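What follows is my_file.pdb (PDB, C-alpha atoms).
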```
ATOM      1  CA  MET A  11      23.274 -16.670  14.744
ATOM      2  CA  THR A  12      20.567 -18.060  16.965
ATOM      3  CA  GLU A  13      19.116 -16.520  20.048
ATOM      4  CA  PRO A  14      18.170 -19.070  22.709
ATOM      5  CA  GLN A  15      14.568 -20.182  22.818
ATOM      6  CA  LYS A  16      12.832 -19.871  26.131
ATOM      7  CA  ASN A  17       9.685 -21.538  27.334
ATOM      8  CA  THR A  18       8.610 -18.601  29.435
ATOM      9  CA  PRO A  19       8.772 -14.867  28.749
ATOM     10  CA  VAL A  20      11.925 -13.230  29.966
ATOM     11  CA  ALA A  21      10.065 -10.069  30.899
ATOM     12  CA  GLU A  22       8.817 -11.101  34.311
ATOM     13  CA  ARG A  23       9.913  -8.020  36.183
ATOM     14  CA  ASP A  24       7.688  -5.690  38.151
ATOM     15  CA  MET A  25       4.404  -5.624  36.238
ATOM     16  CA  THR A  26       2.490  -3.811  38.966
ATOM     17  CA  ARG A  27      -0.243  -1.700  37.462
ATOM     18  CA  ARG A  28       1.193   1.676  36.454
ATOM     19  CA  ARG A  29      -0.807   4.237  34.501
ATOM     20  CA  VAL A  30       0.983   5.596  31.469
ATOM     21  CA  VAL A  31      -0.537   7.743  28.801
ATOM     22  CA  VAL A  32      -0.344   7.190  25.095
ATOM     23  CA  ALA A  33      -0.085  10.804  24.035
ATOM     24  CA  GLY A  34      -1.891  12.332  21.120
ATOM     25  CA  GLY A  35       0.204  11.791  18.056
ATOM     26  CA  ALA A  36       1.126   8.193  18.838
ATOM     27  CA  ALA A  37      -0.550   7.280  15.585
ATOM     28  CA  VAL A  38       1.939   8.842  13.198
ATOM     29  CA  ALA A  39       1.511   9.198   9.469
ATOM     30  CA  ALA A  40       4.681   9.453   7.387
ATOM     31  CA  ALA A  41       4.797  12.171   4.769
ATOM     32  CA  GLY A  42       3.593  10.832   1.461
ATOM     33  CA  LEU A  43       2.097   7.652   2.860
ATOM     34  CA  GLY A  44      -1.437   8.886   2.392
ATOM     35  CA  THR A  45      -4.204   6.645   3.714
ATOM     36  CA  VAL A  46      -2.711   3.908   5.826
ATOM     37  CA  ALA A  47      -3.950   0.695   7.386
ATOM     38  CA  ALA A  48      -3.067  -0.218  10.941
ATOM     39  CA  THR A  49      -1.844  -3.781  11.086
ATOM     40  CA  SER A  50      -1.253  -4.395  14.773
ATOM     41  CA  ALA A  51      -3.385  -4.100  17.867
ATOM     42  CA  SER A  52      -2.754  -1.892  20.864
ATOM     43  CA  ALA A  53      -2.890  -3.290  24.374
ATOM     44  CA  SER A  54      -6.124  -2.519  26.178
ATOM     45  CA  PRO A  55      -6.151  -1.240  29.769
ATOM     46  CA  ASP A  56      -6.540  -4.780  31.145
ATOM     47  CA  GLY A  57      -3.401  -5.920  29.327
ATOM     48  CA  SER A  58      -5.135  -7.850  26.566
ATOM     49  CA  SER A  59      -4.223  -7.370  22.920
ATOM     50  CA  ALA A  60      -7.651  -6.295  21.775
ATOM     51  CA  ALA A  61      -7.759  -3.342  19.403
ATOM     52  CA  THR A  62      -8.338   0.068  20.939
ATOM     53  CA  PRO A  63      -8.979   3.513  19.435
ATOM     54  CA  SER A  64      -5.686   5.103  18.495
ATOM     55  CA  ALA A  65      -4.737   8.531  19.745
ATOM     56  CA  SER A  66      -4.303  11.423  17.353
ATOM     57  CA  ALA A  67      -2.986  14.942  17.541
ATOM     58  CA  SER A  68      -6.459  16.298  16.822
ATOM     59  CA  SER A  69      -8.132  14.328  19.610
ATOM     60  CA  PRO A  70      -5.940  14.389  22.731
ATOM     61  CA  SER A  71      -8.849  13.110  24.821
ATOM     62  CA  GLN A  72      -8.444   9.686  23.204
ATOM     63  CA  GLU A  73      -5.788   8.379  25.572
ATOM     64  CA  VAL A  74      -4.984   4.802  26.464
ATOM     65  CA  CYS A  75      -3.280   3.602  29.632
ATOM     66  CA  TYR A  76      -1.318   0.388  30.018
ATOM     67  CA  ARG A  77       1.365  -1.127  32.219
ATOM     68  CA  LEU A  78       5.100  -0.607  32.542
ATOM     69  CA  THR A  79       6.773  -1.665  29.301
ATOM     70  CA  SER A  80       8.421  -5.093  29.501
ATOM     71  CA  GLU A  81      12.164  -5.477  29.989
ATOM     72  CA  THR A  82      13.955  -7.912  27.667
ATOM     73  CA  THR A  83      17.492  -9.046  26.956
ATOM     74  CA  GLU A  84      20.023  -6.689  25.432
ATOM     75  CA  GLY A  85      21.445  -9.480  23.268
ATOM     76  CA  PRO A  86      25.094  -9.792  22.263
ATOM     77  CA  TYR A  87      25.263  -7.090  19.569
ATOM     78  CA  TYR A  88      24.860  -3.826  21.463
ATOM     79  CA  ILE A  89      27.358  -1.035  20.805
ATOM     80  CA  ASP A  90      27.382   1.905  23.210
ATOM     81  CA  ALA A  91      25.636   5.108  22.187
ATOM     82  CA  ASP A  92      28.164   6.783  19.893
ATOM     83  CA  LYS A  93      26.082   7.679  16.813
ATOM     84  CA  ILE A  94      23.812  10.606  17.650
ATOM     85  CA  ARG A  95      21.607  10.773  14.569
ATOM     86  CA  LYS A  96      18.077  10.437  13.238
ATOM     87  CA  ASN A  97      18.790   8.687   9.933
ATOM     88  CA  ILE A  98      20.520   5.367  10.594
ATOM     89  CA  THR A  99      20.127   3.713   7.176
ATOM     90  CA  GLU A 100      23.600   4.470   5.741
ATOM     91  CA  GLY A 101      22.249   3.503   2.318
ATOM     92  CA  LYS A 102      21.050   0.050   3.379
ATOM     93  CA  ALA A 103      18.439  -1.463   1.060
ATOM     94  CA  GLY A 104      15.021  -2.184   2.485
ATOM     95  CA  ILE A 105      11.494  -0.936   2.992
ATOM     96  CA  PRO A 106      11.666   2.660   4.282
ATOM     97  CA  MET A 107      10.545   2.936   7.884
ATOM     98  CA  THR A 108       9.876   5.808  10.253
ATOM     99  CA  LEU A 109      10.043   4.766  13.892
ATOM    100  CA  ARG A 110       8.495   7.178  16.363
ATOM    101  CA  LEU A 111       8.646   6.466  20.091
ATOM    102  CA  LYS A 112       7.288   8.389  23.052
ATOM    103  CA  LEU A 113       8.901   8.019  26.471
ATOM    104  CA  ILE A 114       6.793   8.462  29.592
ATOM    105  CA  ASP A 115       7.598   8.167  33.277
ATOM    106  CA  SER A 116       5.470   5.198  34.319
ATOM    107  CA  GLU A 117       4.886   6.617  37.800
ATOM    108  CA  THR A 118       3.896  10.185  36.963
ATOM    109  CA  CYS A 119       2.603   9.690  33.397
ATOM    110  CA  LYS A 120       4.665  12.731  32.358
ATOM    111  CA  PRO A 121       6.794  12.795  29.173
ATOM    112  CA  LEU A 122      10.429  11.905  29.735
ATOM    113  CA  ALA A 123      12.474  14.693  28.130
ATOM    114  CA  LYS A 124      16.192  14.547  27.272
ATOM    115  CA  ALA A 125      16.347  10.781  27.623
ATOM    116  CA  ALA A 126      18.763   9.085  25.223
ATOM    117  CA  VAL A 127      17.115   6.372  23.145
ATOM    118  CA  ASP A 128      19.364   3.803  21.447
ATOM    119  CA  ILE A 129      17.995   1.563  18.719
ATOM    120  CA  TRP A 130      19.770  -1.131  16.720
ATOM    121  CA  HIS A 131      18.589  -3.918  14.456
ATOM    122  CA  CYS A 132      19.667  -6.234  11.652
ATOM    123  CA  ASP A 133      19.424  -5.372   7.969
ATOM    124  CA  ALA A 134      16.976  -6.843   5.458
ATOM    125  CA  LEU A 135      18.971 -10.088   5.317
ATOM    126  CA  GLY A 136      19.626 -10.528   9.018
ATOM    127  CA  LEU A 137      23.102  -9.000   9.426
ATOM    128  CA  TYR A 138      24.104  -6.684  12.290
ATOM    129  CA  SER A 139      26.623  -3.940  11.699
ATOM    130  CA  GLY A 140      29.719  -4.398  13.795
ATOM    131  CA  TYR A 141      29.110  -8.139  13.820
ATOM    132  CA  GLU A 142      28.802  -9.234  10.204
ATOM    133  CA  ASP A 143      31.161 -12.165  10.821
ATOM    134  CA  SER A 144      29.179 -13.542  13.745
ATOM    135  CA  SER A 145      25.617 -12.624  12.771
ATOM    136  CA  SER A 146      24.021 -14.929  10.222
ATOM    137  CA  GLY A 147      21.888 -13.317   7.572
ATOM    138  CA  GLY A 148      19.889 -14.921   4.814
ATOM    139  CA  GLY A 149      20.722 -14.313   1.194
ATOM    140  CA  THR A 150      20.916 -16.276  -2.010
ATOM    141  CA  PRO A 151      21.517 -20.014  -1.594
ATOM    142  CA  PRO A 152      24.813 -21.451  -2.891
ATOM    143  CA  THR A 153      24.921 -22.664  -6.472
ATOM    144  CA  GLY A 154      26.615 -25.649  -8.075
ATOM    145  CA  ALA A 155      26.496 -29.342  -7.319
ATOM    146  CA  PRO A 156      27.244 -30.597  -3.810
ATOM    147  CA  PRO A 157      30.571 -32.358  -3.288
ATOM    148  CA  THR A 158      30.685 -36.080  -3.971
ATOM    149  CA  GLY A 159      32.743 -38.938  -2.615
ATOM    150  CA  THR A 160      33.664 -39.984   0.880
ATOM    151  CA  PRO A 161      35.049 -37.360   3.214
ATOM    152  CA  THR A 162      38.655 -37.967   4.178
ATOM    153  CA  ASP A 163      38.727 -36.034   7.396
ATOM    154  CA  THR A 164      36.007 -37.801   9.370
ATOM    155  CA  PRO A 165      36.886 -37.591  13.078
ATOM    156  CA  THR A 166      37.435 -40.818  14.980
ATOM    157  CA  GLY A 167      37.734 -41.852  18.626
ATOM    158  CA  GLU A 168      35.984 -40.492  21.690
ATOM    159  CA  PRO A 169      35.467 -36.733  22.139
ATOM    160  CA  THR A 170      37.586 -35.096  24.821
ATOM    161  CA  GLY A 171      37.300 -31.961  26.850
ATOM    162  CA  THR A 172      34.291 -30.220  28.365
ATOM    163  CA  PRO A 173      31.317 -29.489  26.114
ATOM    164  CA  PRO A 174      30.386 -25.825  25.642
ATOM    165  CA  THR A 175      27.745 -24.362  27.919
ATOM    166  CA  GLY A 176      25.151 -21.634  27.542
ATOM    167  CA  GLY A 177      22.866 -20.748  24.683
ATOM    168  CA  PRO A 178      23.798 -20.306  21.040
ATOM    169  CA  PRO A 179      24.939 -16.903  19.771
ATOM    170  CA  GLY A 180      22.394 -14.176  19.214
ATOM    171  CA  GLY A 181      20.538 -14.023  22.502
ATOM    172  CA  GLY A 182      20.878 -13.751  26.224
ATOM    173  CA  GLY A 183      22.904 -11.076  27.906
ATOM    174  CA  GLY A 184      26.375 -12.199  26.874
ATOM    175  CA  HIS A 185      27.884  -9.211  25.108
ATOM    176  CA  GLN A 186      30.317  -9.780  22.239
ATOM    177  CA  ASP A 187      32.984  -7.359  21.095
ATOM    178  CA  PRO A 188      32.445  -5.884  17.611
ATOM    179  CA  THR A 189      34.286  -7.613  14.782
ATOM    180  CA  ASP A 190      34.129  -4.748  12.266
ATOM    181  CA  ASP A 191      33.780  -0.955  12.243
ATOM    182  CA  LYS A 192      30.434  -0.726  10.424
ATOM    183  CA  ARG A 193      27.585   1.010  12.242
ATOM    184  CA  TYR A 194      24.580   0.958   9.896
ATOM    185  CA  LEU A 195      21.104   0.642  11.444
ATOM    186  CA  ARG A 196      22.313   1.955  14.798
ATOM    187  CA  GLY A 197      21.674   5.325  16.340
ATOM    188  CA  THR A 198      20.855   7.407  19.381
ATOM    189  CA  GLN A 199      18.701  10.487  19.884
ATOM    190  CA  LEU A 200      17.454  12.572  22.777
ATOM    191  CA  THR A 201      13.720  12.828  23.380
ATOM    192  CA  ASP A 202      12.198  16.290  23.001
ATOM    193  CA  ARG A 203      10.265  18.069  25.736
ATOM    194  CA  HIS A 204       7.184  16.043  24.818
ATOM    195  CA  GLY A 205       9.067  12.770  25.170
ATOM    196  CA  PHE A 206       9.164  12.032  21.436
ATOM    197  CA  VAL A 207      12.039  10.665  19.387
ATOM    198  CA  GLU A 208      11.983   9.678  15.713
ATOM    199  CA  PHE A 209      14.321   7.554  13.594
ATOM    200  CA  THR A 210      14.585   6.990   9.852
ATOM    201  CA  THR A 211      15.523   3.394   9.139
ATOM    202  CA  VAL A 212      14.440   0.331   7.135
ATOM    203  CA  PHE A 213      12.083  -2.495   8.037
ATOM    204  CA  PRO A 214      14.248  -5.154   9.742
ATOM    205  CA  GLY A 215      14.754  -8.605   8.291
ATOM    206  CA  TRP A 216      15.018 -11.835  10.247
ATOM    207  CA  TYR A 217      17.564 -14.440  11.210
ATOM    208  CA  ARG A 218      17.406 -17.971  12.513
ATOM    209  CA  GLY A 219      15.650 -18.389  15.849
ATOM    210  CA  ARG A 220      14.197 -14.877  16.229
ATOM    211  CA  CYS A 221      11.144 -13.053  14.998
ATOM    212  CA  VAL A 222      11.528  -9.621  13.393
ATOM    213  CA  HIS A 223      12.462  -7.067  16.048
ATOM    214  CA  ILE A 224      14.298  -3.851  16.909
ATOM    215  CA  HIS A 225      16.389  -3.464  20.066
ATOM    216  CA  ALA A 226      15.895  -0.355  22.209
ATOM    217  CA  LYS A 227      17.658   1.023  25.265
ATOM    218  CA  VAL A 228      16.787   4.164  27.238
ATOM    219  CA  HIS A 229      19.443   6.123  29.168
ATOM    220  CA  VAL A 230      18.795   8.912  31.665
ATOM    221  CA  GLY A 231      20.997  11.134  33.791
ATOM    222  CA  GLY A 232      23.841  11.463  31.281
ATOM    223  CA  LYS A 233      24.860  14.113  28.787
ATOM    224  CA  LEU A 234      25.929  14.548  25.177
ATOM    225  CA  THR A 235      29.664  14.810  24.545
ATOM    226  CA  ASP A 236      31.890  14.778  21.473
ATOM    227  CA  SER A 237      32.031  10.986  21.865
ATOM    228  CA  GLY A 238      28.281  10.498  22.130
ATOM    229  CA  TYR A 239      26.028  10.120  25.153
ATOM    230  CA  GLU A 240      27.945   9.483  28.355
ATOM    231  CA  GLY A 241      27.143   8.947  32.007
ATOM    232  CA  GLY A 242      23.804   8.224  33.612
ATOM    233  CA  HIS A 243      22.279   4.762  33.533
ATOM    234  CA  ALA A 244      20.031   2.583  31.396
ATOM    235  CA  CYS A 245      16.527   2.607  32.848
ATOM    236  CA  HIS A 246      14.982   0.412  30.162
ATOM    237  CA  THR A 247      16.189  -2.290  27.800
ATOM    238  CA  GLY A 248      13.595  -3.764  25.520
ATOM    239  CA  GLN A 249      12.722  -4.938  22.050
ATOM    240  CA  LEU A 250      10.130  -3.707  19.567
ATOM    241  CA  PHE A 251       8.107  -6.287  17.663
ATOM    242  CA  PHE A 252       6.166  -6.516  14.409
ATOM    243  CA  ALA A 253       2.745  -8.015  13.652
ATOM    244  CA  GLU A 254       2.885 -11.123  11.501
ATOM    245  CA  GLU A 255       0.759  -9.613   8.737
ATOM    246  CA  ALA A 256       3.302  -6.865   8.120
ATOM    247  CA  VAL A 257       6.236  -9.289   8.192
ATOM    248  CA  LEU A 258       4.549 -11.549   5.639
ATOM    249  CA  ALA A 259       3.971  -8.529   3.423
ATOM    250  CA  SER A 260       7.617  -7.469   3.719
ATOM    251  CA  ALA A 261       8.768 -10.966   2.766
ATOM    252  CA  GLU A 262       7.299 -10.419  -0.710
ATOM    253  CA  VAL A 263       9.563  -7.412  -1.325
ATOM    254  CA  ALA A 264      13.229  -7.537  -2.387
ATOM    255  CA  PRO A 265      15.722  -7.903  -0.772
ATOM    256  CA  TYR A 266      13.712  -9.659   1.966
ATOM    257  CA  SER A 267      12.306 -12.051  -0.625
ATOM    258  CA  THR A 268      15.800 -13.371  -1.383
ATOM    259  CA  SER A 269      16.377 -14.600   2.169
ATOM    260  CA  THR A 270      16.701 -18.370   2.544
ATOM    261  CA  THR A 271      16.771 -18.261   6.347
ATOM    262  CA  PRO A 272      13.871 -20.016   8.107
ATOM    263  CA  ARG A 273      11.670 -17.420   9.753
ATOM    264  CA  THR A 274      10.458 -17.512  13.362
ATOM    265  CA  THR A 275       6.970 -16.080  13.859
ATOM    266  CA  LEU A 276       5.941 -13.740  16.656
ATOM    267  CA  ASP A 277       4.088 -16.574  18.419
ATOM    268  CA  GLU A 278       7.100 -18.883  18.131
ATOM    269  CA  ASP A 279       9.602 -16.365  19.455
ATOM    270  CA  GLY A 280      11.066 -17.145  22.868
ATOM    271  CA  ILE A 281      11.691 -13.522  23.854
ATOM    272  CA  TYR A 282       8.527 -11.639  22.885
ATOM    273  CA  PRO A 283       6.477 -11.594  26.120
ATOM    274  CA  GLY A 284       3.169 -11.839  24.260
ATOM    275  CA  ASN A 285       1.397  -8.908  25.907
ATOM    276  CA  GLY A 286       0.846  -6.508  23.050
ATOM    277  CA  ALA A 287       2.008  -2.905  23.334
ATOM    278  CA  GLU A 288       3.224  -3.511  26.892
ATOM    279  CA  GLY A 289       5.657  -6.063  25.490
ATOM    280  CA  GLY A 290       6.851  -3.813  22.673
ATOM    281  CA  LEU A 291       4.384  -4.643  19.876
ATOM    282  CA  LEU A 292       4.525  -1.689  17.504
ATOM    283  CA  LYS A 293       1.531   0.024  15.960
ATOM    284  CA  LEU A 294       2.290  -0.226  12.234
ATOM    285  CA  GLN A 295       0.832   1.854   9.433
ATOM    286  CA  TYR A 296       1.303   1.397   5.691
ATOM    287  CA  ARG A 297      -0.641   1.278   2.457
ATOM    288  CA  LYS A 298      -2.398  -2.033   2.144
ATOM    289  CA  GLY A 299      -0.713  -4.033  -0.599
ATOM    290  CA  LYS A 300       2.018  -1.395  -0.984
ATOM    291  CA  ILE A 301       4.246  -1.921   2.014
ATOM    292  CA  ALA A 302       7.284  -1.313  -0.211
ATOM    293  CA  LYS A 303       6.331   2.392  -0.226
ATOM    294  CA  GLY A 304       7.078   2.708   3.480
ATOM    295  CA  VAL A 305       6.003   1.883   7.020
ATOM    296  CA  VAL A 306       5.424   3.979  10.117
ATOM    297  CA  GLY A 307       5.908   2.287  13.482
ATOM    298  CA  SER A 308       4.947   3.987  16.731
ATOM    299  CA  LEU A 309       4.745   3.106  20.390
ATOM    300  CA  THR A 310       4.692   4.725  23.810
ATOM    301  CA  LEU A 311       7.179   3.238  26.255
ATOM    302  CA  GLY A 312       6.374   3.460  29.947
ATOM    303  CA  VAL A 313       9.666   3.402  31.854
ATOM    304  CA  ASP A 314      10.851   3.922  35.407
ATOM    305  CA  PRO A 315      13.687   6.483  35.212
ATOM    306  CA  ASP A 316      14.874   5.551  38.716
ATOM    307  CA  ALA A 317      15.330   1.881  37.829
ATOM    308  CA  THR A 318      18.431   0.325  36.297
ATOM    309  CA  ASN A 319      17.714  -2.174  33.543
ATOM    310  CA  GLU A 320      20.807  -3.019  31.504
ATOM    311  CA  GLY A 321      19.301  -6.175  30.004
ATOM    312  CA  THR A 322      22.584  -8.057  30.322
ATOM    313  CA  GLY A 323      21.524 -10.514  32.996
ATOM    314  CA  MET A 324      18.645 -12.116  31.112
TER     315      MET A 324
END
```
Could you spell out this file's structure in structure tokens?
Amino acid sequence: MTEPQKNTPVAERDMTRRRVVVAGGAAVAAAGLGTVAATSASASPDGSSAATPSASASSPSQEVCYRLTSETTEGPYYIDADKIRKNITEGKAGIPMTLRLKLIDSETCKPLAKAAVDIWHCDALGLYSGYEDSSSGGGTPPTGAPPTGTPTDTPTGEPTGTPPTGGPPGGGGGHQDPTDDKRYLRGTQLTDRHGFVEFTTVFPGWYRGRCVHIHAKVHVGGKLTDSGYEGGHACHTGQLFFAEEAVLASAEVAPYSTSTTPRTTLDEDGIYPGNGAEGGLLKLQYRKGKIAKGVVGSLTLGVDPDATNEGTGM
């Protein structure tokens, strides 16, 4: 599975200066992680990726403002919000990860309560649940000697028909129907009155053509039903990204270390807009040299609840 490479960032929507507040508590420490080392920079008020003081629950005056969070493509592997849950691992192997997001109205700077946040991402070897046949993970290379001799089914003559159009699978807005009933590493939760939502998952792996990322979609105006979250509209569709240092550290840990898939770096990725926290770059915390013990990722998303951003037309 390859998502199409793009020469320019896809997130070129309204980037008019909006003030949004990174609330105290955006720097989250997972239970048992102890002293942690931040491995990614937060966006500064001017939109650069220079490091800034992180907010904490004990010092609410340390607040950082930045622009409306970038919109990106939904990709082909979205499944509608039908798993309302915090823990989305379903026993999948990988580095434990706590993902904590805060939703804020980008116009008023107030927390966005009762918004439904969807996240979905591939497993440690690049496979998406619901699409294991069409997603292409890494894994152990094949063994045995390659076949010898001359192939007997070599095609001859001139090709006929119209060549396929569009980008390769894995990117863009072209949705694909699920090919299996698995739903690991997918889930939806409602934000609390402070705008916070937290998921228990694993550090994502990678697949050909894309850097390590998590998809996110924010719905407002709907309600919970027996079938999941229904109604309303998607006001934000984005992706969450990982600093290269953390990805390199994860690649030393099994099962990530068994992947034979070429890895695309953050700088090489055609979808990451390159603007730090505004573009979805997570603040990551983990024990230096002991990433296998667990990672905490946190970010404040500034969204416009009145907008409609499905992410399917990118």
Exercise. Quick one: residues within 7 Å of Gly321 in chain A, only C-alpha atoms counted, chain neighbours fewer than 5 positions away excluded, as a PyMOL selection string?
Worked result: chain A and resi 82-84+183+247
Pull C-alpha atoms from the residues just selected and write them as a compact mmCIF listing (two decimals), in the coordinates of the input.
```
# COMPACT_ATOMS: atom_id res chain seq x y z
CA THR A 82 13.96 -7.91 27.67
CA THR A 83 17.49 -9.05 26.96
CA GLU A 84 20.02 -6.69 25.43
CA GLY A 183 22.90 -11.08 27.91
CA THR A 247 16.19 -2.29 27.80
```
Matched chain/residue IDs from the PyMOL selection byres ((chain A and resi 122) around 8), as a short mmCIF file (atom, residue, chain, number, x, y, z; two decimals) with C-alpha atoms, in the frame of the given file:
```
data_model
loop_
_atom_site.label_atom_id
_atom_site.label_comp_id
_atom_site.auth_asym_id
_atom_site.auth_seq_id
_atom_site.Cartn_x
_atom_site.Cartn_y
_atom_site.Cartn_z
CA LEU A 113 8.90 8.02 26.47
CA ILE A 114 6.79 8.46 29.59
CA ASP A 115 7.60 8.17 33.28
CA LYS A 120 4.66 12.73 32.36
CA PRO A 121 6.79 12.80 29.17
CA ALA A 123 12.47 14.69 28.13
CA LYS A 124 16.19 14.55 27.27
CA ALA A 125 16.35 10.78 27.62
CA THR A 201 13.72 12.83 23.38
CA ARG A 203 10.26 18.07 25.74
CA HIS A 204 7.18 16.04 24.82
CA GLY A 205 9.07 12.77 25.17
#
```
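Within 10 Å of the point (7.4, 8.5, 37.3) in file coordinates, and counting all atoms listed in the file, lie the residues A:Arg28, A:Arg29, A:Val30, A:Ile114, A:Asp115, A:Ser116, A:Glu117, A:Thr118, A:Cys119, A:Lys120, A:Pro121, A:Leu122, A:Gly312, A:Val313, A:Asp314, A:Pro315, A:Asp316.
The space between CA of Gln249 in chain A and CA of Thr210 in chain A spans 17.2 Å.
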Show me, as JSON, the centre and edge lengths in Å to one decimal of the axis-aligned box that covers every listed atom of range 234-253 of chain A with 3 Å on each side.
```
{"center_x": 17.4, "center_y": 3.4, "center_z": 23.6, "size_x": 35.3, "size_y": 28.8, "size_z": 26.0}
```
Exercise. Can you find the residues with an atom no farther than 7 Å from (19.4, -1.2, 10.1), counting all atoms listed in the file, and report them as a VMD selection string?
Worked result: chain A and resid 98 to 99 130 to 133 194 to 196 211 to 212 214
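Atom pair CA of Gly104 in chain A / CA of Glu81 in chain A has a distance of 27.8 Å (rounded to one decimal).
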Determine, for each residue of range 207-242 of chain A having at least one atom at most 12 Å from an atom of range 270-275 of chain A, the closest pair of atoms and their separation in Å to one decimal, counting all atoms listed in the file; order by chain and ascending number, as CSV.
```
residue,atom,partner,partner_atom,distance
A:Gly215,CA,A:Arg273,CA,9.5
A:Trp216,CA,A:Arg273,CA,6.5
A:Tyr217,CA,A:Thr271,CA,6.2
A:Arg218,CA,A:Pro272,CA,6.0
A:Gly219,CA,A:Thr274,CA,5.8
A:Arg220,CA,A:Thr274,CA,5.4
A:Cys221,CA,A:Thr274,CA,4.8
A:Val222,CA,A:Thr275,CA,7.9
A:His223,CA,A:Thr275,CA,10.8
```
Problem set entry | Counting only C-alpha atoms, the residue of A:Thr108, A:Ala253, A:Ala261, A:Val305 that sits nearest Ala287 in chain A | A:Ala253
For this session: Specify as a ChimeraX atom specification each residue included when the PyMOL selection byres ((chain A and resi 303) around 10) is applied to this file.
Result: /A:42-43,105-107,296-297,299-302,304-305
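When only C-alpha atoms are used to measure the gap to Asp92 in chain A, the shortest distance among A:Asp191, A:Glu142, A:Glu240, A:Asp279 belongs to A:Glu240.
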Exercise. Got a sec: who's within 6 Å of Ser308 in chain A, counting only C-alpha atoms, leaving out chain neighbours fewer than 2 positions off, as a VMD selection string?
Worked result: chain A and resid 109 to 111 292 to 293
Take the residues from that selection and put them in a file with C-alpha atoms, as a tab-separated table (two decimals), in the coordinates of the input.
```tsv
chain	number	residue	atom	x	y	z
A	109	LEU	CA	10.04	4.77	13.89
A	110	ARG	CA	8.49	7.18	16.36
A	111	LEU	CA	8.65	6.47	20.09
A	292	LEU	CA	4.53	-1.69	17.50
A	293	LYS	CA	1.53	0.02	15.96
```
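If you look at CA of Phe252 in chain A and CA of Phe209 in chain A, they are 16.3 Å away from each other.
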Exercise. So which residues touch Gly238 in chain A within 9 Å, counting all atoms listed in the file, skipping near sequence neighbours fewer than 6 positions away, as a ChimeraX atom specification?
Worked result: /A:90-94,198
For this session: Using only C-alpha atoms, determine which residues lie at most 10 Å from Gly289 in chain A, disregarding the query and same-chain residues fewer than 3 positions distant; provide the list as an NGL selection string.
Result: :A and (19 or 21 or 53 or 57 or 77-82 or 248-251 or 281-286 or 292 or 311)
For those residues, write C-alpha atoms to a file as a compact mmCIF listing (two decimals), keeping the file's coordinate frame.
```txt
# COMPACT_ATOMS: atom_id res chain seq x y z
CA PRO A 19 8.77 -14.87 28.75
CA ALA A 21 10.06 -10.07 30.90
CA ALA A 53 -2.89 -3.29 24.37
CA GLY A 57 -3.40 -5.92 29.33
CA ARG A 77 1.36 -1.13 32.22
CA LEU A 78 5.10 -0.61 32.54
CA THR A 79 6.77 -1.66 29.30
CA SER A 80 8.42 -5.09 29.50
CA GLU A 81 12.16 -5.48 29.99
CA THR A 82 13.96 -7.91 27.67
CA GLY A 248 13.60 -3.76 25.52
CA GLN A 249 12.72 -4.94 22.05
CA LEU A 250 10.13 -3.71 19.57
CA PHE A 251 8.11 -6.29 17.66
CA ILE A 281 11.69 -13.52 23.85
CA TYR A 282 8.53 -11.64 22.88
CA PRO A 283 6.48 -11.59 26.12
CA GLY A 284 3.17 -11.84 24.26
CA ASN A 285 1.40 -8.91 25.91
CA GLY A 286 0.85 -6.51 23.05
CA LEU A 292 4.53 -1.69 17.50
CA LEU A 311 7.18 3.24 26.26
```
Problem set entry | Nearest to Ile129 in chain A, chosen from A:Leu200, A:Val207, A:Ile224, A:Ala103, with only C-alpha atoms counted in the distances | A:Ile224
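When only C-alpha atoms are used to measure the gap to Leu309 in chain A, the shortest distance among A:Gly241, A:Gly232, A:Gly280, A:Gly290 belongs to A:Gly290.
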